[in-house]
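Q: Please find final-v4.cif (mmCIF, C-alpha atoms) on the next line:
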data_protein
loop_
_atom_site.label_atom_id
_atom_site.label_comp_id
_atom_site.auth_asym_id
_atom_site.auth_seq_id
_atom_site.Cartn_x
_atom_site.Cartn_y
_atom_site.Cartn_z
CA MET D 1459 14.46 -16.47 -1.75
CA GLY D 1460 13.70 -18.84 -4.56
CA PRO D 1461 10.67 -18.05 -6.67
CA PRO D 1462 10.34 -20.38 -9.66
CA ARG D 1463 9.38 -17.55 -12.01
CA ALA D 1464 9.73 -13.82 -11.46
CA LEU D 1465 9.26 -10.71 -13.54
CA TRP D 1466 11.39 -7.81 -12.33
CA VAL D 1467 9.55 -4.55 -12.96
CA PRO D 1468 11.09 -1.05 -12.94
CA PHE D 1469 8.17 0.78 -11.28
CA ILE D 1470 8.06 2.69 -8.01
CA LEU D 1471 7.34 0.62 -4.90
CA GLY D 1472 3.62 0.19 -4.42
CA ARG D 1473 2.80 -0.06 -8.13
CA PRO D 1474 3.78 -3.55 -9.35
CA PHE D 1475 1.56 -3.18 -12.45
CA GLY D 1476 3.00 0.20 -13.33
CA VAL D 1477 0.40 2.85 -14.06
CA PRO D 1478 -2.90 3.48 -12.27
CA GLY D 1479 -5.80 4.11 -14.61
CA ASP D 1480 -3.96 2.69 -17.65
CA ALA D 1481 -5.57 -0.69 -18.28
CA GLU D 1482 -3.54 -1.35 -21.42
CA PHE D 1483 -0.24 -0.77 -19.61
CA GLN D 1484 -1.33 -3.07 -16.77
CA ARG D 1485 -2.41 -5.75 -19.25
CA ARG D 1486 1.01 -5.71 -20.90
CA VAL D 1487 2.69 -6.29 -17.53
CA LEU D 1488 0.17 -8.99 -16.61
CA ARG D 1489 0.59 -10.77 -19.95
CA ALA D 1490 4.38 -10.64 -19.54
CA VAL D 1491 4.27 -12.24 -16.09
CA LEU D 1492 1.73 -14.89 -17.10
CA HIS D 1493 3.84 -15.71 -20.15
CA LEU D 1494 6.52 -16.97 -17.71
CA LEU D 1495 4.20 -19.91 -16.95
CA GLU D 1496 4.96 -21.20 -20.44
CA ALA D 1497 8.70 -21.43 -19.82
CA PRO D 1498 9.86 -25.05 -20.34
CA ALA D 1499 12.43 -24.95 -17.54
CA GLY D 1500 13.40 -22.72 -14.68
CA PRO D 1501 14.08 -20.83 -12.58
CA VAL D 1502 13.05 -17.87 -14.70
CA LEU D 1503 13.89 -14.29 -13.83
CA GLU D 1504 13.05 -11.80 -16.54
CA ASP D 1505 13.43 -8.03 -16.72
CA TYR D 1506 10.42 -6.07 -17.81
CA ALA D 1507 11.82 -3.42 -20.12
CA GLU D 1508 8.98 -0.93 -20.47
CA GLU D 1509 9.23 1.97 -18.03
CA ALA D 1510 6.18 3.74 -16.64
CA PRO D 1511 5.74 7.02 -18.46
CA VAL D 1512 7.14 10.01 -16.58
CA PRO D 1513 4.78 12.98 -16.78
CA GLY D 1514 6.46 16.00 -18.35
CA ALA D 1515 6.94 19.22 -16.39
CA ALA D 1516 4.10 20.75 -18.39
CA GLU D 1517 1.73 18.07 -17.13
CA THR D 1518 2.57 18.19 -13.45
CA GLU D 1519 3.14 21.08 -11.13
CA GLY D 1520 4.34 21.16 -7.57
CA MET D 1521 1.45 20.96 -5.18
CA ALA D 1522 0.20 24.44 -4.42
CA CYS D 1523 -2.87 23.59 -2.44
CA PRO D 1524 -5.60 26.13 -3.10
CA VAL D 1525 -6.83 25.65 0.43
CA SER D 1526 -5.49 28.43 2.65
CA PHE D 1527 -4.23 26.71 5.76
CA ASP D 1528 -3.80 28.98 8.76
CA ARG D 1529 -0.16 28.74 9.86
CA GLU D 1530 -0.63 30.92 12.95
CA MET D 1531 -3.26 28.57 14.27
CA ALA D 1532 -1.12 25.57 13.42
CA ALA D 1533 1.65 26.78 15.68
CA ASP D 1534 -0.68 27.21 18.65
CA ASP D 1535 -2.98 24.25 18.40
CA LEU D 1536 -2.06 21.46 16.04
CA GLY D 1537 -5.24 19.51 16.76
CA ALA D 1538 -7.45 22.48 15.84
CA ALA D 1539 -5.38 23.17 12.73
CA LEU D 1540 -5.78 19.54 11.69
CA ALA D 1541 -9.56 19.72 12.15
CA ARG D 1542 -9.78 22.90 10.11
CA GLU D 1543 -7.58 21.49 7.34
CA ILE D 1544 -9.81 18.43 7.09
CA GLU D 1545 -12.86 20.63 6.74
CA GLU D 1546 -11.18 22.73 4.06
CA LEU D 1547 -10.13 19.66 2.08
CA ALA D 1548 -13.61 18.10 2.20
CA PRO D 1549 -14.77 19.44 -1.21
CA TRP D 1550 -11.67 17.95 -2.84
CA HIS D 1551 -12.10 14.62 -1.13
CA ASP D 1552 -15.78 14.57 -2.10
CA LEU D 1553 -14.73 15.18 -5.70
CA ALA D 1554 -12.08 12.43 -5.59
CA ALA D 1555 -14.56 9.92 -4.16
CA LYS D 1556 -17.17 10.84 -6.77
CA ARG D 1557 -14.75 10.54 -9.68
CA ARG D 1558 -13.20 7.29 -8.49
CA GLU D 1559 -16.43 5.89 -7.13
CA ARG D 1560 -14.49 4.77 -4.10
CA THR D 1561 -12.35 5.90 -1.20
CA THR D 1562 -9.70 3.90 0.62
CA THR D 1563 -10.49 5.68 3.90
CA GLY D 1564 -12.71 3.98 6.44
CA LEU D 1565 -10.43 1.46 8.18
CA SER D 1566 -11.27 2.89 11.60
CA GLY D 1567 -14.93 3.56 10.91
CA MET D 1568 -14.45 7.10 12.21
CA ALA D 1569 -15.59 10.18 10.32
CA MET D 1570 -12.63 12.42 9.52
CA ASP D 1571 -13.52 15.06 12.13
CA GLU D 1572 -13.70 12.28 14.69
CA ALA D 1573 -10.31 10.97 13.51
CA ALA D 1574 -8.87 14.47 13.95
CA ARG D 1575 -10.20 14.62 17.51
CA PHE D 1576 -8.69 11.21 18.18
CA VAL D 1577 -5.26 12.39 17.02
CA ALA D 1578 -5.67 15.63 19.00
CA SER D 1579 -6.34 13.58 22.14
CA TYR D 1580 -2.85 12.09 21.80
CA LEU D 1581 -1.29 15.48 21.02
CA ASN D 1582 -2.96 16.85 24.18
CA SER D 1583 -1.69 13.96 26.34
CA SER D 1584 -5.19 12.65 27.04
CA PRO D 1585 -5.54 9.67 24.67
CA ALA D 1586 -9.07 8.70 23.69
CA PRO D 1587 -10.16 5.09 24.30
CA ASN D 1588 -9.00 2.41 21.88
CA LEU D 1589 -11.34 0.83 19.36
CA ASN D 1590 -12.92 -2.45 20.42
CA GLY D 1591 -10.48 -5.34 20.54
CA MET D 1592 -7.49 -3.22 19.53
CA ASN D 1593 -4.57 -1.88 21.49
CA ALA D 1594 -3.43 1.74 21.38
CA GLY D 1595 -0.93 1.23 18.56
CA GLU D 1596 -3.43 -0.66 16.39
CA THR D 1597 -6.11 1.97 16.92
CA LEU D 1598 -3.88 4.96 16.30
CA LYS D 1599 -2.41 3.31 13.21
CA ILE D 1600 -5.68 2.84 11.37
CA VAL D 1601 -6.88 6.32 12.36
CA CYS D 1602 -3.65 7.72 10.87
CA ASP D 1603 -4.02 5.47 7.78
CA ASP D 1604 -7.47 6.97 7.25
CA LEU D 1605 -6.27 10.54 7.66
CA ARG D 1606 -3.34 10.06 5.29
CA ALA D 1607 -5.56 8.41 2.68
CA TYR D 1608 -8.06 11.29 2.98
CA TYR D 1609 -5.33 13.88 2.36
CA TYR D 1610 -3.72 11.96 -0.50
CA GLU D 1611 -7.04 11.34 -2.22
CA ALA D 1612 -8.11 15.00 -1.81
CA ALA D 1613 -4.74 16.19 -3.16
CA ALA D 1614 -4.97 13.97 -6.23
CA ALA D 1615 -8.29 15.57 -7.23
CA GLN D 1616 -6.81 19.07 -7.36
CA PRO D 1617 -5.63 20.84 -10.51
CA GLY D 1618 -2.05 20.35 -11.67
CA ASN D 1619 -2.06 16.55 -11.93
CA PRO D 1620 0.23 16.10 -8.91
CA ASP D 1621 2.35 12.94 -8.99
CA ALA D 1622 3.07 10.67 -6.03
CA GLN D 1623 6.22 12.57 -5.07
CA ALA D 1624 4.46 15.96 -5.12
CA VAL D 1625 1.65 14.66 -2.91
CA LEU D 1626 4.17 13.15 -0.48
CA HIS D 1627 6.12 16.42 -0.30
CA TRP D 1628 2.98 18.47 0.19
CA PHE D 1629 1.63 16.26 2.99
CA TRP D 1630 4.86 16.10 4.96
CA HIS D 1631 6.04 19.71 4.47
CA ASP D 1632 2.99 21.90 4.01
CA THR D 1633 0.17 20.51 6.13
CA ALA D 1634 -0.78 20.51 9.78
CA ALA D 1635 -1.44 16.79 9.36
CA GLY D 1636 2.22 16.24 8.45
CA ARG D 1637 3.30 18.19 11.51
CA ALA D 1638 0.81 16.29 13.66
CA PHE D 1639 2.21 12.96 12.42
CA HIS D 1640 5.75 14.07 13.31
CA ALA D 1641 4.52 15.05 16.79
CA LEU D 1642 2.70 11.72 17.13
CA GLN D 1643 5.83 9.85 16.17
CA LYS D 1644 7.75 11.50 19.00
CA ILE D 1645 4.92 10.79 21.45
CA CYS D 1646 4.85 7.14 20.38
CA LEU D 1647 8.61 6.66 20.57
CA ASP D 1648 8.65 8.23 24.06
CA SER D 1649 5.71 6.12 25.22
CA ALA D 1650 6.01 3.21 27.64
CA ASP D 1651 3.38 1.34 25.60
CA PRO D 1652 5.15 -1.18 23.31
CA SER D 1653 2.33 -1.02 20.74
CA LEU D 1654 2.88 2.73 20.37
CA GLN D 1655 6.66 2.31 20.21
CA VAL D 1656 6.26 -0.10 17.27
CA LEU D 1657 3.90 2.31 15.55
CA GLY D 1658 6.28 5.25 16.02
CA GLY D 1659 9.22 3.24 14.76
CA ASN D 1660 7.69 1.82 11.58
CA SER D 1661 4.32 3.07 10.57
CA LEU D 1662 3.87 6.82 10.98
CA VAL D 1663 6.56 8.70 9.08
CA PRO D 1664 8.26 7.37 5.91
CA ARG D 1665 11.97 6.62 6.14
CA ALA D 1666 12.71 9.19 3.42
CA ILE D 1667 10.99 11.96 5.40
CA VAL D 1668 12.73 11.01 8.67
CA HIS D 1669 16.04 11.03 6.81
CA ALA D 1670 15.36 14.43 5.22
CA HIS D 1671 14.37 15.93 8.58
CA ALA D 1672 17.47 14.56 10.29
CA HIS D 1673 19.70 16.16 7.66
CA ALA D 1674 17.79 19.46 7.62
CA SER D 1675 18.08 20.00 11.37
CA MET M 894 10.59 -2.03 -7.84
CA VAL M 895 12.93 0.78 -8.69
CA ARG M 896 16.55 -0.01 -9.46
CA LEU M 897 19.07 0.16 -6.62
CA ALA M 898 20.98 2.72 -8.68
CA ASP M 899 17.92 5.00 -8.63
CA LEU M 900 17.62 5.03 -4.85
CA PRO M 901 19.20 7.58 -2.52
CA ASP M 902 22.18 6.25 -0.54
CA PHE M 903 20.32 5.73 2.74
CA GLU M 904 17.53 3.81 1.00
CA ARG M 905 19.97 1.69 -1.00
CA GLU M 906 21.87 0.78 2.18
CA HIS M 907 18.61 -0.09 3.91
CA MET M 908 17.66 -2.42 1.06
CA LEU M 909 21.10 -4.05 0.87
CA ASP M 910 21.03 -4.55 4.62
CA LYS M 911 17.84 -6.59 4.14
CA LEU M 912 19.82 -9.16 2.15
CA LYS M 913 21.46 -10.40 5.37
CA GLY M 914 18.08 -11.48 6.75
CA LEU M 915 16.78 -13.19 3.63
CA GLU M 916 16.12 -16.89 3.84
CA GLU M 917 18.00 -19.48 1.85
CA PHE M 918 15.81 -22.28 0.55
CA SER M 919 17.33 -25.63 -0.25
CA ALA M 920 14.81 -26.41 -2.97
CA ARG M 921 13.10 -24.34 -5.59
CA PRO M 922 9.71 -25.60 -6.76
CA TRP M 923 9.11 -26.09 -10.46
CA VAL M 924 5.73 -27.13 -11.73
CA LYS M 925 4.65 -27.00 -15.33
CA PRO M 926 1.05 -25.82 -15.43
CA PRO M 927 -1.53 -26.55 -18.14
CA PRO M 928 -1.49 -24.26 -21.19
CA LEU M 929 -2.26 -20.67 -20.20
CA ALA M 930 -5.65 -20.73 -21.92
CA GLN M 931 -6.66 -23.51 -19.51
CA CYS M 932 -5.04 -22.14 -16.34
CA ARG M 933 -7.11 -21.09 -13.37
CA ILE M 934 -5.30 -18.18 -11.72
CA ALA M 935 -5.45 -16.70 -8.21
CA ILE M 936 -3.82 -13.56 -6.86
CA VAL M 937 -1.86 -13.67 -3.60
CA SER M 938 -0.80 -10.19 -2.58
CA THR M 939 1.54 -9.08 0.20
CA ALA M 940 0.17 -5.52 0.17
CA GLY M 941 -1.85 -5.84 3.38
CA LEU M 942 -5.12 -5.74 1.43
CA HIS M 943 -8.49 -6.74 2.77
CA VAL M 944 -12.19 -6.23 2.34
CA ARG M 945 -13.59 -3.20 4.13
CA GLY M 946 -14.77 -4.28 7.57
CA ASP M 947 -12.30 -7.18 7.87
CA ARG M 948 -9.70 -7.01 10.60
CA PRO M 949 -6.93 -4.59 9.55
CA PHE M 950 -3.29 -5.69 9.67
CA GLY M 951 -1.66 -4.22 12.77
CA PRO M 952 1.42 -2.03 13.10
CA SER M 953 3.69 -4.84 14.22
CA ALA M 954 5.42 -7.11 11.73
CA THR M 955 4.02 -10.20 13.44
CA ALA M 956 0.90 -10.45 11.27
CA THR M 957 1.49 -13.82 9.69
CA ASP M 958 -2.11 -14.50 8.78
CA TYR M 959 -3.93 -13.69 5.56
CA ARG M 960 -7.17 -12.04 4.53
CA ILE M 961 -9.61 -13.52 2.02
CA ILE M 962 -10.61 -11.43 -0.97
CA PRO M 963 -13.57 -13.07 -2.76
CA ALA M 964 -13.54 -12.72 -6.55
CA ASP M 965 -16.71 -10.63 -6.52
CA THR M 966 -15.19 -7.98 -4.21
CA GLN M 967 -15.95 -4.52 -5.52
CA ALA M 968 -13.15 -1.98 -5.86
CA ALA M 969 -14.93 0.29 -3.38
CA ASP M 970 -14.66 -2.43 -0.73
CA LEU M 971 -10.93 -3.13 -1.12
CA VAL M 972 -8.68 -1.34 1.39
CA MET M 973 -5.04 -1.49 2.48
CA SER M 974 -3.63 -1.53 6.04
CA HIS M 975 -0.01 -2.53 5.49
CA GLN M 976 2.42 -1.68 8.28
CA SER M 977 4.89 0.11 6.02
CA VAL M 978 4.60 3.77 5.06
CA ASN M 979 7.61 3.52 2.76
CA TYR M 980 5.91 2.75 -0.53
CA ASP M 981 3.47 4.64 -2.69
CA ARG M 982 -0.24 4.26 -1.94
CA THR M 983 -1.55 6.97 -4.24
CA GLY M 984 -1.50 4.52 -7.15
CA PHE M 985 -3.66 1.99 -5.29
CA GLN M 986 -5.97 4.78 -4.13
CA GLU M 987 -6.52 5.79 -7.73
CA ASP M 988 -6.82 2.30 -9.19
CA HIS M 989 -6.58 -0.94 -7.21
CA ASN M 990 -5.46 -2.80 -10.34
CA VAL M 991 -2.01 -1.24 -10.11
CA ALA M 992 -1.35 -3.47 -7.09
CA PHE M 993 -4.12 -6.08 -7.32
CA PRO M 994 -5.00 -6.62 -11.00
CA LEU M 995 -8.30 -8.45 -10.55
CA ASP M 996 -10.13 -6.53 -13.28
CA ARG M 997 -7.30 -7.21 -15.73
CA LEU M 998 -7.33 -10.91 -14.86
CA ASN M 999 -11.10 -11.06 -15.40
CA GLU M 1000 -10.64 -9.41 -18.81
CA LEU M 1001 -8.08 -12.03 -19.83
CA ALA M 1002 -10.49 -14.78 -18.73
CA ARG M 1003 -13.31 -13.25 -20.82
CA GLU M 1004 -10.95 -13.19 -23.81
CA ARG M 1005 -10.05 -16.83 -23.08
CA ALA M 1006 -6.37 -15.87 -22.80
CA ILE M 1007 -6.46 -17.65 -19.43
CA GLY M 1008 -8.79 -20.44 -18.38
CA SER M 1009 -10.53 -18.84 -15.41
CA VAL M 1010 -10.11 -16.69 -12.33
CA ALA M 1011 -10.16 -18.25 -8.87
CA ALA M 1012 -13.16 -17.82 -6.59
CA PHE M 1013 -10.95 -16.52 -3.79
CA HIS M 1014 -7.82 -14.39 -3.67
CA TYR M 1015 -5.69 -13.64 -0.63
CA SER M 1016 -3.44 -11.04 0.93
CA PHE M 1017 -0.70 -11.25 3.50
CA MET M 1018 1.05 -8.27 5.05
CA GLY M 1019 4.50 -8.61 3.59
CA ALA M 1020 6.53 -7.22 6.48
CA ALA M 1021 6.15 -10.43 8.48
CA PRO M 1022 9.24 -12.67 8.74
CA ILE M 1023 9.08 -15.14 5.87
CA ARG M 1024 9.57 -18.33 7.93
CA LYS M 1025 6.78 -17.33 10.28
CA ILE M 1026 4.37 -17.12 7.36
CA GLU M 1027 5.12 -20.72 6.36
CA ALA M 1028 2.29 -22.39 8.29
CA LYS M 1029 -0.31 -20.04 6.87
CA ALA M 1030 1.23 -20.31 3.40
CA ARG M 1031 0.90 -24.12 3.53
CA GLU M 1032 -2.69 -23.76 4.69
CA LEU M 1033 -3.31 -21.40 1.79
CA ALA M 1034 -1.79 -23.82 -0.71
CA GLY M 1035 -4.39 -26.40 0.35
CA LEU M 1036 -7.21 -23.90 -0.10
CA LEU M 1037 -5.91 -22.92 -3.55
CA LYS M 1038 -5.89 -26.59 -4.56
CA LYS M 1039 -9.51 -26.93 -3.42
CA ASP M 1040 -10.32 -23.95 -5.65
CA LYS M 1041 -8.67 -25.89 -8.56
CA VAL M 1042 -6.08 -23.15 -8.99
CA ASP M 1043 -3.24 -24.01 -11.41
CA ALA M 1044 -1.04 -20.94 -10.91
CA VAL M 1045 -0.73 -18.08 -8.44
CA LEU M 1046 0.17 -14.51 -9.28
CA LEU M 1047 2.26 -13.31 -6.34
CA CYS M 1048 1.95 -9.53 -6.18
CA PRO M 1049 4.29 -7.74 -3.75
CA VAL M 1050 4.44 -3.99 -3.25
#
How does the structure come out when it is put into structure tokens?

A:
Amino acid sequence: MGPPRALWVPFILGRPFGVPGDAEFQRRVLRAVLHLLEAPAGPVLEDYAEEAPVPGAAETEGMACPVSFDREMAADDLGAALAREIEELAPWHDLAAKRRERTTTGLSGMAMDEAARFVASYLNSSPAPNLNGMNAGETLKIVCDDLRAYYYEAAAAQPGNPDAQAVLHWFWHDTAAGRAFHALQKICLDSADPSLQVLGGNSLVPRAIVHAHAHAS
Amino acid sequence: MVRLADLPDFEREHMLDKLKGLEEFSARPWVKPPPLAQCRIAIVSTAGLHVRGDRPFGPSATATDYRIIPADTQAADLVMSHQSVNYDRTGFQEDHNVAFPLDRLNELARERAIGSVAAFHYSFMGAAPIRKIEAKARELAGLLKKDKVDAVLLCPV
């Protein structure tokens, strides 16, 4: 690769301007990268020295979701457990959307209970029809994107100021949705449909979670 | 972009393995733009961003096309459908500026620290093979010129 000017930033992947909700921090990064335009000759590759602040232990707690998910039900019927979880998280998602004045859900156009039924249809080996103009992998991907965004946004509204890592851990270890996504991944990888194979391989379960599962089992 | 030294072994190996597939370019462009206070700036993201209701990026890495993000797009209408699940999205969910700093750019324009902000911004889905994006990237360069853009802020995730 050969960019003429690049600012190397030390932030976690997904946050090139460092800190959400901190306009001053973002402006410092932006000013630093724009400043590279004034370099008389190149190529220019600069390190950005300022780290994103790490919340202290007193500010963040592990996610202990106040919603009481029913584990017994989860074992018997993952689709039903997913639907119930979504209902129980609704007040938190409503709060998140109100505070942020936005939600990043809505790619599929489905309401969350509808999205849960769509996922359940795959878990029950009777896949629901694809969305217009999309194949199975494309449809299932955006439904799963919506569900994941709903959970992450709801989690962020809860007490304890959970950071990205805590939300990730909670979703993949403590929720029926996490278990449903693992089950979907297996279904996709075992499918004869190439669009589902691609989805199962790349876009359902993060590499770090797959790796942790492989080493735990 | 966290440091390689901060990554767990399996993630570090995955990243280093990517080096083998990276393209070599024979030339590296160098253009000296006007002074910053006169520069018109556009954002080109690879975060798989688009306006709500636009076609999402699919799960395959063959999405070589881009989506248009008009400058007056509201935060509530900006969504992400990148193929990868291996980077943080909670930051973007909380504040789009952490990946797509349009509000910050507008502030700098109001302060006259930059000349102006482009009328249109764009997003690719960065998992696509770089050479396969070339045709669309060239097309985009022409559109940026028509928008009188002097410099592009490339924002990967």

Q: Select all residues from chain D having any atom no more than 8 Å from an atom of chain M (counting only C-alpha atoms, ignoring ligands), output as a CSV table (one decimal) with C-alpha atoms, keeping the file's coordinate frame.

A:
chain,number,residue,atom,x,y,z
D,1459,MET,CA,14.5,-16.5,-1.8
D,1460,GLY,CA,13.7,-18.8,-4.6
D,1461,PRO,CA,10.7,-18.0,-6.7
D,1462,PRO,CA,10.3,-20.4,-9.7
D,1466,TRP,CA,11.4,-7.8,-12.3
D,1467,VAL,CA,9.6,-4.6,-13.0
D,1468,PRO,CA,11.1,-1.0,-12.9
D,1469,PHE,CA,8.2,0.8,-11.3
D,1470,ILE,CA,8.1,2.7,-8.0
D,1471,LEU,CA,7.3,0.6,-4.9
D,1472,GLY,CA,3.6,0.2,-4.4
D,1473,ARG,CA,2.8,-0.1,-8.1
D,1474,PRO,CA,3.8,-3.6,-9.4
D,1475,PHE,CA,1.6,-3.2,-12.4
D,1476,GLY,CA,3.0,0.2,-13.3
D,1477,VAL,CA,0.4,2.8,-14.1
D,1478,PRO,CA,-2.9,3.5,-12.3
D,1479,GLY,CA,-5.8,4.1,-14.6
D,1481,ALA,CA,-5.6,-0.7,-18.3
D,1484,GLN,CA,-1.3,-3.1,-16.8
D,1485,ARG,CA,-2.4,-5.8,-19.2
D,1488,LEU,CA,0.2,-9.0,-16.6
D,1492,LEU,CA,1.7,-14.9,-17.1
D,1493,HIS,CA,3.8,-15.7,-20.2
D,1495,LEU,CA,4.2,-19.9,-17.0
D,1496,GLU,CA,5.0,-21.2,-20.4
D,1498,PRO,CA,9.9,-25.0,-20.3
D,1499,ALA,CA,12.4,-25.0,-17.5
D,1500,GLY,CA,13.4,-22.7,-14.7
D,1501,PRO,CA,14.1,-20.8,-12.6
D,1558,ARG,CA,-13.2,7.3,-8.5
D,1559,GLU,CA,-16.4,5.9,-7.1
D,1560,ARG,CA,-14.5,4.8,-4.1
D,1561,THR,CA,-12.4,5.9,-1.2
D,1562,THR,CA,-9.7,3.9,0.6
D,1563,THR,CA,-10.5,5.7,3.9
D,1564,GLY,CA,-12.7,4.0,6.4
D,1565,LEU,CA,-10.4,1.5,8.2
D,1595,GLY,CA,-0.9,1.2,18.6
D,1596,GLU,CA,-3.4,-0.7,16.4
D,1599,LYS,CA,-2.4,3.3,13.2
D,1600,ILE,CA,-5.7,2.8,11.4
D,1603,ASP,CA,-4.0,5.5,7.8
D,1607,ALA,CA,-5.6,8.4,2.7
D,1610,TYR,CA,-3.7,12.0,-0.5
D,1611,GLU,CA,-7.0,11.3,-2.2
D,1622,ALA,CA,3.1,10.7,-6.0
D,1653,SER,CA,2.3,-1.0,20.7
D,1656,VAL,CA,6.3,-0.1,17.3
D,1657,LEU,CA,3.9,2.3,15.6
D,1660,ASN,CA,7.7,1.8,11.6
D,1661,SER,CA,4.3,3.1,10.6
D,1662,LEU,CA,3.9,6.8,11.0
D,1663,VAL,CA,6.6,8.7,9.1
D,1664,PRO,CA,8.3,7.4,5.9
D,1665,ARG,CA,12.0,6.6,6.1
D,1666,ALA,CA,12.7,9.2,3.4
D,1669,HIS,CA,16.0,11.0,6.8

Q: Quote the spacing between CA of Trp1630 (chain D) and CA of Ile1667 (chain D) in Å to one decimal place.

A: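 Distance between the two atoms: 7.4 Å.
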
Q: Exactly which residues make up the result of the PyMOL selection byres ((chain D and resi 1541) around 9) on this file, given as a list in words?

A: Leu1536, Gly1537, Ala1538, Ala1539, Leu1540, Arg1542, Glu1543, Ile1544, Glu1545, Glu1546, Met1570, Asp1571, Glu1572, Ala1573, Ala1574, Arg1575 and Ala1578 of chain D

Q: Run the PyMOL selection byres ((chain M and resi 1024) around 12) mentally over the shown coordinates, then write out the matched residues as a list in words, using the chain letters and numbers from the document.

A: Met1459 of chain D; Gly914, Leu915, Glu916, Glu917, Phe918, Thr955, Thr957, Gly1019, Ala1020, Ala1021, Pro1022, Ile1023, Lys1025, Ile1026, Glu1027, Ala1028, Lys1029, Ala1030 and Arg1031 of chain M

Q: Report the distance between CA of Phe1576 (chain D) and CA of Ala1612 (chain D) in Å, rounded to one decimal place.

A: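 CA of Ala1612 (chain D) lies at a distance of 20.4 Å from CA of Phe1576 (chain D).
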
Q: From the options D:Val1487, D:Leu1626, D:Leu1503, D:Ala1634, which residue's atoms come nearest to Leu1465 (chain D), counting only C-alpha atoms?

A: D:Leu1503

Q: Kindly give the distance, in Å, that separates CA of Thr1633 (chain D) and CA of Asn1582 (chain D), rounded to a single decimal.

A: 18.7 Å

Q: Which residues come within 7 Å of region 964-966 of chain M, counting only C-alpha atoms, excluding same-chain residues fewer than 3 positions away, as a ChimeraX atom specification?

A: /M:970,1011-1014

Q: Using C-alpha atoms, can you export the residues from the last selection as a PDB file, keeping the file's coordinate frame?

A:
ATOM      1  CA  ASP M 970     -14.660  -2.430  -0.730  1.00  0.00           C
ATOM      2  CA  ALA M1011     -10.160 -18.250  -8.870  1.00  0.00           C
ATOM      3  CA  ALA M1012     -13.160 -17.820  -6.590  1.00  0.00           C
ATOM      4  CA  PHE M1013     -10.950 -16.520  -3.790  1.00  0.00           C
ATOM      5  CA  HIS M1014      -7.820 -14.390  -3.670  1.00  0.00           C
TER       6      HIS M1014
END

Q: Using the chain letters and residue numbers of this document, give as JSON, numbers by chain the residues selected by the PyMOL selection byres ((chain M and resi 1017) around 7).

A: {"M": [938, 939, 940, 941, 958, 959, 960, 1015, 1016, 1018, 1019]}
